[in-house]
Amino acid sequence: MTELLYWQALNRAMDAEMAADETVFTLGEDVGLYGGTYRVTEGLMAKYGEWRVRDTPISENSFTGLGIGAALTGLRPVVEIMTVNFALLAMDALVNMAAKIPFMSGGQFPMPLVIRMPGGVARQLGAQHSQRLEHMLMNVPGLRMVVPATPQDAYWQLRQAIRSDDPIIVLEHELLYFSKGPMDESAVAPAMHQAMVRRRGSALTCIAYSRMASLALEAADTLAQEGIAMEVIDLRSLSPIDWQTCQQSVEKTHRLLIVEEDCRFAGAGAEMAATLQERCFYLLDAPIQRVAGMDIPTPFNGAMEAASIPRSADIIAAARALTAAA
Amino acid sequence: MDRSVMAAMLRDMLLARAFEEQAAQEYAQGNVAGFLHLYPGEEAVAVGVLHAAEPGDYVVSTYREHVHAIVRGVPPRQVMAEIFGKKDGISGGMGGSMHLFDRERRFLGGYAIVGETFPIAVGAAYAVAYRKLPEAVICFFGDGAVNQGTFHESLNMAALWKLPVLFVCENNHYQIGTEIHRHSAMVEVHKRACAYGIPAEKVDGMDVLTVHGAARRALERVRAGDGPQFLECETYRYRGHSMADPGSYRPAVEVNAFVANDPIAAAIHHAEPHYPSAEELQCVGPDCVHRFTEHCCAEGHLDPAAVEQLRQEVGAIVQDAAAFARQSPAPEMVDVQAAFLRNRRFETLMEDPQ
Ligand SMILES: Cc1ncc(C[n+]2csc(CCOP(=O)(O)OP(=O)(O)O)c2C)c(N)n1
Ligand SMILES: [Mg+2]
């Protein structure tokens with residue numbers, strides 16, 4: 001078992017799949033010579049050449065569409081979109097093409113396409129570069145989306161996504177690339193979309209994903225000192241969602257807190273709250289609570305930016321309130 | 001050309017350089033965070049083009065836009081405060097370095113999604129033409145932006161409806177780490193405009209007078225109702241793409257070649273008559289120095305002392321801007337909400353007060 005940074009784990013996953021399968025190739029802005037904006041494709045061009053590691057012009061809609069065309073004809077493209085913000089320019093390719101071709105063709109065409117990109121609020125990148133768009137992508141039937149929070153999951157889930165015949169979005173996070181964690185290349189991976197209980201607890205269940213999962217764990221530490229045992233579930237996948245793991249936890253704790261960096265209104269948490277109240281209504285001792293990003297574009301000022309998304313203290317306060325409710 | 005115009009351009013170039021170097025220092029000291037895309041090396045483009053513009057013209061720029069804003073008259077204090085994310089910033093600390101907006105000066109923004117400046121400029125030009133006004137819209141973009149679909153879509157509409165836009169490509173040869181030959185099939189950017197019948201010219205973007213002349217002629221044609229015009233300015237950025245980028249993908253010889261051709265040095269050269277170096281002076285003796293200095297003063301040309309004075313002047317402006325930005329208060333959540341709700345004047349939104 002080694003300790004790796006998140007980007008290094010992704011880099012290893014890319015390397016492993018490219019070595020194993022000649023049809024796997026990657027393309028995107030600065031993925032080649034530069035080695036990737038967040039270093040994920042570092043060293044791959046030297047090893048696999050430019051047909052397999054292709055630097056593209058700034059043409060998101062068309063190079064994503066190119067990935068789709070190549071997937072239709074037997075290659076397994078991994079398209080890197082530099083950040084999720086630019087995926088907005090590729091929405092037609094993603095929503096009208098990648099998500100629909102397999103279905104519209106009556107299943108004739110598989111779509112072994114992976115879209116890798118970081119999302120989320122980073123540090124003072126401004127409103128156009130600090131967005132969370134998972135709610136938009138979750139809402140597209142035909143697309144699947146995983147949200148790894150650890151190097152190990154990044155490794156496992158990227159490899160699984162590349163091997164899948166469906167279009168899969170691997171949503172990374174700017175602030176996770178340089179986070180470190182244990183990584184075992186030989187360990188058996190759980191199912192790609194399975195949620196994981198990261199910490200056991202009985203007082204309440206906290207569901208989070210991506211960077212918010214580690215924030216929730218941090219909060220759970222503090223809460224434990226106060227005698228509040230918060231169970232933390234790292235969702236790992238937003239489409240589909242592993243409802244069973246969530247439900248089992250709520251059956252035990254009877255209280256549910258959902259934490260998301262995404263905006264609250266019609267965000268990912270709204271789907272979780274809706275479905276879990278359908279499934280668990282009579283088990284709940286209190287209304288489901290959400291801690292979410294504010295419904296505003298991200299302010300540039302550092303303190304305001306930090307205040308616009310959940311902080312550990314917000315999670316702690318919400319957990320206290322939720323467990324205090326009779 | 002009028003010496004005062006030359007002196008004004010030189011002053012703006014010096015100010016631009018000093019401002020950006022100060023911003024870099026503030027970043028290094030941790031006073032500024034996020035992306036910071038700086039302009040050193042490219043000053044002749046913004047200064048040459050914008051000195052050819054009229055106050056009523058609109059300007060649309062990218063995330064590398066501090067200098068465009070300053071040359072358009074946005075106070076350096078407010079630009080610096082915005083870069084710091086402070087309340088006195090030109091966008092109230094909500095936008096940051098990449099999103100400078102100044103309604104009063106018709107500065108329609110810095111845009112951080114590559115390719116956004118085209119449709120914005122075409123829309124503003126549509127509004128100008130709609131009202132039959134004599135104004136022009138100046139649209140800045142990089143060499144990397146011309147491969148975005150909006151470039152082609154917008155140029156087509158601008159030409160189709162003869163809209164008053166001047167497209168200005170700041171061709172610094174790089175799209176972050178990708179050199180132009182690796183991102184574009186047609187590297188002579190101005191030729192792309194031919195596809196839409198837009199008159200286009202390529203100029204030396206390291207030479208402010210050349211840029212200025214070409215921009216003036218192009219803007220005259222825009223105002224004469226000839227429709228959109230296109231300028232490709234070949235230039236170079238001395239620093240990395242942003243402060244987060246070491247720029248190590250560029251060969252040193254290439255960087256040095258462009259630094260040797262520094263637009264500011266070129267502008268100084270234009271603005272002052274050849275002034276002999278210390279070695280040259282030693283050869284000819286002190287007498288001619290005296291004569292030459294008298295000659296320059298009599299003719300009203302610039303001399304090194306005047307250049308030095310300009311440097312000091314802009315240095316003081318920049319120091320003042322930085323001090324202002326440092327002490328400016330940070331915005332608070334009420335300011336954030338106020339900015340967000342500012343234009344909701346009369347609608348009822350059915351929100352419950354929380
Ligand atoms: C649509 C989109 N894709 C990618 C990016 C990331 N990005 C920011 S600047 C840049 C390079 C732009 O190069 P160019 O247009 O030549 O402008 P320069 O930075 O050289 O001034 C890229 C790829 C972006 N901001 N927007
Ligand atoms: Mg460029």
# chains A, B, ... in the order shown; residues from 1 in each chain; ligands from 1

call {"tool": "closest_atom_pairs", "arguments": {"of": "chain A", "to": "ligand 1", "cutoff": "8 Å", "atoms": "only C-alpha atoms and all ligand atoms", "output": "JSON lines"}}
result
{"residue": "A:Glu29", "atom": "CA", "partner": "ligand 1", "partner_atom_place_in_ligand_line": "23 (C)", "distance": 6.2}
{"residue": "A:Asp30", "atom": "CA", "partner": "ligand 1", "partner_atom_place_in_ligand_line": "23 (C)", "distance": 7.7}
{"residue": "A:Pro57", "atom": "CA", "partner": "ligand 1", "partner_atom_place_in_ligand_line": "23 (C)", "distance": 7.9}
{"residue": "A:Ile58", "atom": "CA", "partner": "ligand 1", "partner_atom_place_in_ligand_line": "3 (N)", "distance": 5.5}
{"residue": "A:Ser59", "atom": "CA", "partner": "ligand 1", "partner_atom_place_in_ligand_line": "1 (C)", "distance": 7.3}
{"residue": "A:Glu60", "atom": "CA", "partner": "ligand 1", "partner_atom_place_in_ligand_line": "1 (C)", "distance": 6.6}
{"residue": "A:Ile81", "atom": "CA", "partner": "ligand 1", "partner_atom_place_in_ligand_line": "3 (N)", "distance": 7.9}
{"residue": "A:Met82", "atom": "CA", "partner": "ligand 1", "partner_atom_place_in_ligand_line": "4 (C)", "distance": 6.2}
{"residue": "A:Thr83", "atom": "CA", "partner": "ligand 1", "partner_atom_place_in_ligand_line": "4 (C)", "distance": 7.5}
{"residue": "A:Asn85", "atom": "CA", "partner": "ligand 1", "partner_atom_place_in_ligand_line": "1 (C)", "distance": 7.7}
{"residue": "A:Phe86", "atom": "CA", "partner": "ligand 1", "partner_atom_place_in_ligand_line": "1 (C)", "distance": 4.8}
{"residue": "A:Leu89", "atom": "CA", "partner": "ligand 1", "partner_atom_place_in_ligand_line": "1 (C)", "distance": 6.8}
{"residue": "A:His129", "atom": "CA", "partner": "ligand 1", "partner_atom_place_in_ligand_line": "25 (N)", "distance": 7.9}

call {"tool": "residues_near_ligand", "arguments": {"ligand": "ligand 2", "cutoff": "6 Å", "atoms": "only C-alpha atoms and all ligand atoms", "output": "NGL selection string"}}
result
:B and (142-144 or 171-175)

call {"tool": "select_by_dssp", "arguments": {"residues": "region 95-236 of chain B", "states": "strand (DSSP E or B)", "output": "VMD selection string"}}
result
chain B and resid 102 107 to 110 137 to 142 165 to 171 174 to 175 178 to 179 200 to 204 229 to 234

call {"tool": "atom_distance", "arguments": {"atom1": "CA of Pro102 (chain A)", "atom2": "CA of Thr41 (chain A)"}}
result
28.3 Å

call {"tool": "residues_around", "arguments": {"residues": "Ser62 (chain A)", "least_positions_apart": "6", "cutoff": "9 Å", "atoms": "only C-alpha atoms", "output": "PyMOL selection string"}}
result
(chain A and resi 90+93) or (chain B and resi 148-149)

call {"tool": "closest_residue", "arguments": {"among": "A:Phe300, A:Ala189, A:Met97, A:Asp285", "to": "Phe35 (chain B)", "atoms": "only C-alpha atoms"}}
result
A:Phe300

call {"tool": "interface_residues", "arguments": {"of": "chain B", "to": "chain A", "cutoff": "9 Å", "atoms": "only C-alpha atoms", "output": "MDAnalysis selection string"}}
result
chainID B and resid 33:35 82 84:87 93:99 111:115 144:149 175:178 182:184 249 330:333 336:337 340

call {"tool": "write_last_selection", "arguments": {"atoms": "N, CA and C atoms", "output": "compact mmCIF listing (two decimals), in the first residue's frame"}}
result
# COMPACT_ATOMS: atom_id res chain seq x y z
N ALA B 33 -5.09 36.31 -4.63
CA ALA B 33 -5.18 34.87 -4.86
C ALA B 33 -5.91 34.60 -6.16
N GLY B 34 -6.04 33.34 -6.48
CA GLY B 34 -6.77 32.96 -7.69
C GLY B 34 -5.87 33.02 -8.90
N PHE B 35 -6.51 33.10 -10.07
CA PHE B 35 -5.72 33.24 -11.29
C PHE B 35 -5.31 34.69 -11.42
N GLU B 82 -10.07 45.54 -7.08
CA GLU B 82 -10.84 44.39 -7.58
C GLU B 82 -9.97 43.13 -7.60
N PHE B 84 -7.69 42.51 -5.63
CA PHE B 84 -7.60 42.11 -4.21
C PHE B 84 -8.93 41.55 -3.70
N GLY B 85 -9.98 41.71 -4.48
CA GLY B 85 -11.30 41.24 -4.02
C GLY B 85 -11.92 42.15 -2.97
N LYS B 86 -11.61 43.44 -3.07
CA LYS B 86 -12.08 44.37 -2.05
C LYS B 86 -13.34 45.12 -2.49
N LYS B 87 -13.96 45.72 -1.51
CA LYS B 87 -15.24 46.39 -1.72
C LYS B 87 -15.13 47.58 -2.67
N GLY B 93 -15.58 43.74 -5.72
CA GLY B 93 -14.96 42.55 -5.14
C GLY B 93 -15.70 41.27 -5.51
N MET B 94 -16.72 41.38 -6.34
CA MET B 94 -17.49 40.20 -6.72
C MET B 94 -16.88 39.49 -7.93
N GLY B 95 -16.18 40.26 -8.77
CA GLY B 95 -15.70 39.68 -10.02
C GLY B 95 -14.27 39.16 -9.93
N GLY B 96 -13.38 40.01 -9.43
CA GLY B 96 -11.98 39.63 -9.37
C GLY B 96 -11.23 40.01 -10.63
N SER B 97 -9.97 39.59 -10.63
CA SER B 97 -9.04 39.93 -11.70
C SER B 97 -9.59 39.69 -13.11
N MET B 98 -10.36 38.64 -13.28
CA MET B 98 -10.80 38.26 -14.63
C MET B 98 -12.11 38.91 -15.04
N HIS B 99 -12.74 39.63 -14.09
CA HIS B 99 -14.07 40.16 -14.40
C HIS B 99 -14.20 41.63 -14.03
N TYR B 111 -13.97 38.55 -19.60
CA TYR B 111 -14.65 37.25 -19.67
C TYR B 111 -13.64 36.12 -19.58
N ALA B 112 -13.96 35.14 -18.76
CA ALA B 112 -12.98 34.10 -18.47
C ALA B 112 -13.24 32.79 -19.20
N ILE B 113 -14.34 32.73 -19.92
CA ILE B 113 -14.58 31.54 -20.73
C ILE B 113 -14.14 31.90 -22.13
N VAL B 114 -13.13 31.21 -22.63
CA VAL B 114 -12.54 31.60 -23.91
C VAL B 114 -13.58 31.56 -25.03
N GLY B 115 -13.66 32.66 -25.76
CA GLY B 115 -14.61 32.73 -26.87
C GLY B 115 -15.87 33.51 -26.55
N GLY B 144 -5.75 31.64 -29.11
CA GLY B 144 -6.41 30.38 -28.77
C GLY B 144 -7.91 30.43 -28.94
N ALA B 145 -8.46 31.63 -28.91
CA ALA B 145 -9.92 31.78 -28.91
C ALA B 145 -10.54 31.57 -30.29
N VAL B 146 -9.71 31.64 -31.33
CA VAL B 146 -10.29 31.60 -32.67
C VAL B 146 -10.71 30.19 -33.09
N ASN B 147 -10.44 29.21 -32.24
CA ASN B 147 -10.90 27.86 -32.55
C ASN B 147 -12.19 27.51 -31.82
N GLN B 148 -12.71 28.48 -31.14
CA GLN B 148 -14.00 28.28 -30.47
C GLN B 148 -15.09 28.59 -31.50
N GLY B 149 -16.16 27.84 -31.43
CA GLY B 149 -17.25 28.03 -32.41
C GLY B 149 -17.77 29.45 -32.45
N GLN B 175 -1.67 29.17 -26.39
CA GLN B 175 -2.93 28.88 -25.70
C GLN B 175 -2.49 28.12 -24.45
N ILE B 176 -2.25 28.84 -23.39
CA ILE B 176 -1.54 28.33 -22.21
C ILE B 176 -0.24 27.67 -22.68
N GLY B 177 -0.15 26.34 -22.63
CA GLY B 177 1.11 25.67 -22.98
C GLY B 177 1.17 25.17 -24.41
N THR B 178 0.13 25.41 -25.19
CA THR B 178 0.10 24.87 -26.54
C THR B 178 0.44 25.96 -27.56
N ARG B 182 0.51 24.04 -32.94
CA ARG B 182 -0.08 22.80 -32.44
C ARG B 182 -1.56 22.97 -32.10
N HIS B 183 -2.08 24.19 -32.19
CA HIS B 183 -3.52 24.34 -31.94
C HIS B 183 -4.30 24.86 -33.15
N SER B 184 -3.58 25.35 -34.17
CA SER B 184 -4.31 25.92 -35.30
C SER B 184 -3.78 25.43 -36.64
N TYR B 249 7.27 25.76 -20.70
CA TYR B 249 7.13 25.06 -21.98
C TYR B 249 7.68 25.87 -23.15
N ALA B 330 -13.04 44.62 2.99
CA ALA B 330 -13.53 43.47 2.24
C ALA B 330 -15.06 43.55 2.19
N PRO B 331 -15.66 43.05 1.12
CA PRO B 331 -17.13 43.03 1.09
C PRO B 331 -17.67 42.03 2.11
N GLU B 332 -18.89 42.26 2.55
CA GLU B 332 -19.52 41.32 3.47
C GLU B 332 -20.74 40.70 2.80
N MET B 333 -21.37 39.77 3.50
CA MET B 333 -22.47 39.05 2.86
C MET B 333 -23.60 39.99 2.43
N VAL B 336 -22.69 41.12 -0.90
CA VAL B 336 -22.87 40.05 -1.89
C VAL B 336 -24.34 40.00 -2.31
N GLN B 337 -25.21 39.99 -1.32
CA GLN B 337 -26.65 39.94 -1.61
C GLN B 337 -27.09 41.18 -2.37
N PHE B 340 -26.22 40.90 -5.90
CA PHE B 340 -27.04 39.89 -6.56
C PHE B 340 -28.45 40.41 -6.84

call {"tool": "closest_residue", "arguments": {"among": "A:Ala70, A:Gln248, A:Leu204, A:Leu94", "to": "Asn139 (chain A)", "atoms": "only C-alpha atoms"}}
result
A:Leu94

call {"tool": "select_by_dssp", "arguments": {"residues": "region 21-223 of chain B", "states": "helix (DSSP H, G or I)", "output": "PyMOL selection string"}}
result
chain B and resi 21-28+43-50+66-71+76-83+117-130+143-147+149-160+180-183+189-194+208-223

call {"tool": "residues_around", "arguments": {"residues": "region 11-24 of chain A", "least_positions_apart": "5", "cutoff": "8 Å", "atoms": "only C-alpha atoms", "output": "ChimeraX atom specification"}}
result
/A:39-42,44,52,74-78,155-156,158-159,162

call {"tool": "atom_distance", "arguments": {"atom1": "CA of Cys169 (chain B)", "atom2": "CA of Glu232 (chain B)"}}
result
4.7 Å

call {"tool": "atom_distance", "arguments": {"atom1": "CA of Glu260 (chain A)", "atom2": "CA of Thr205 (chain A)"}}
result
13.9 Å

call {"tool": "residues_around", "arguments": {"residues": "Ala325 (chain B)", "least_positions_apart": "3", "cutoff": "7 Å", "atoms": "only C-alpha atoms", "output": "PyMOL selection string"}}
result
chain B and resi 77+80-81+84+86+321-322+328

call {"tool": "closest_residue", "arguments": {"among": "A:Ser237, A:Ser186, A:Gln108, A:Thr253", "to": "Leu284 (chain A)", "atoms": "only C-alpha atoms"}}
result
A:Thr253
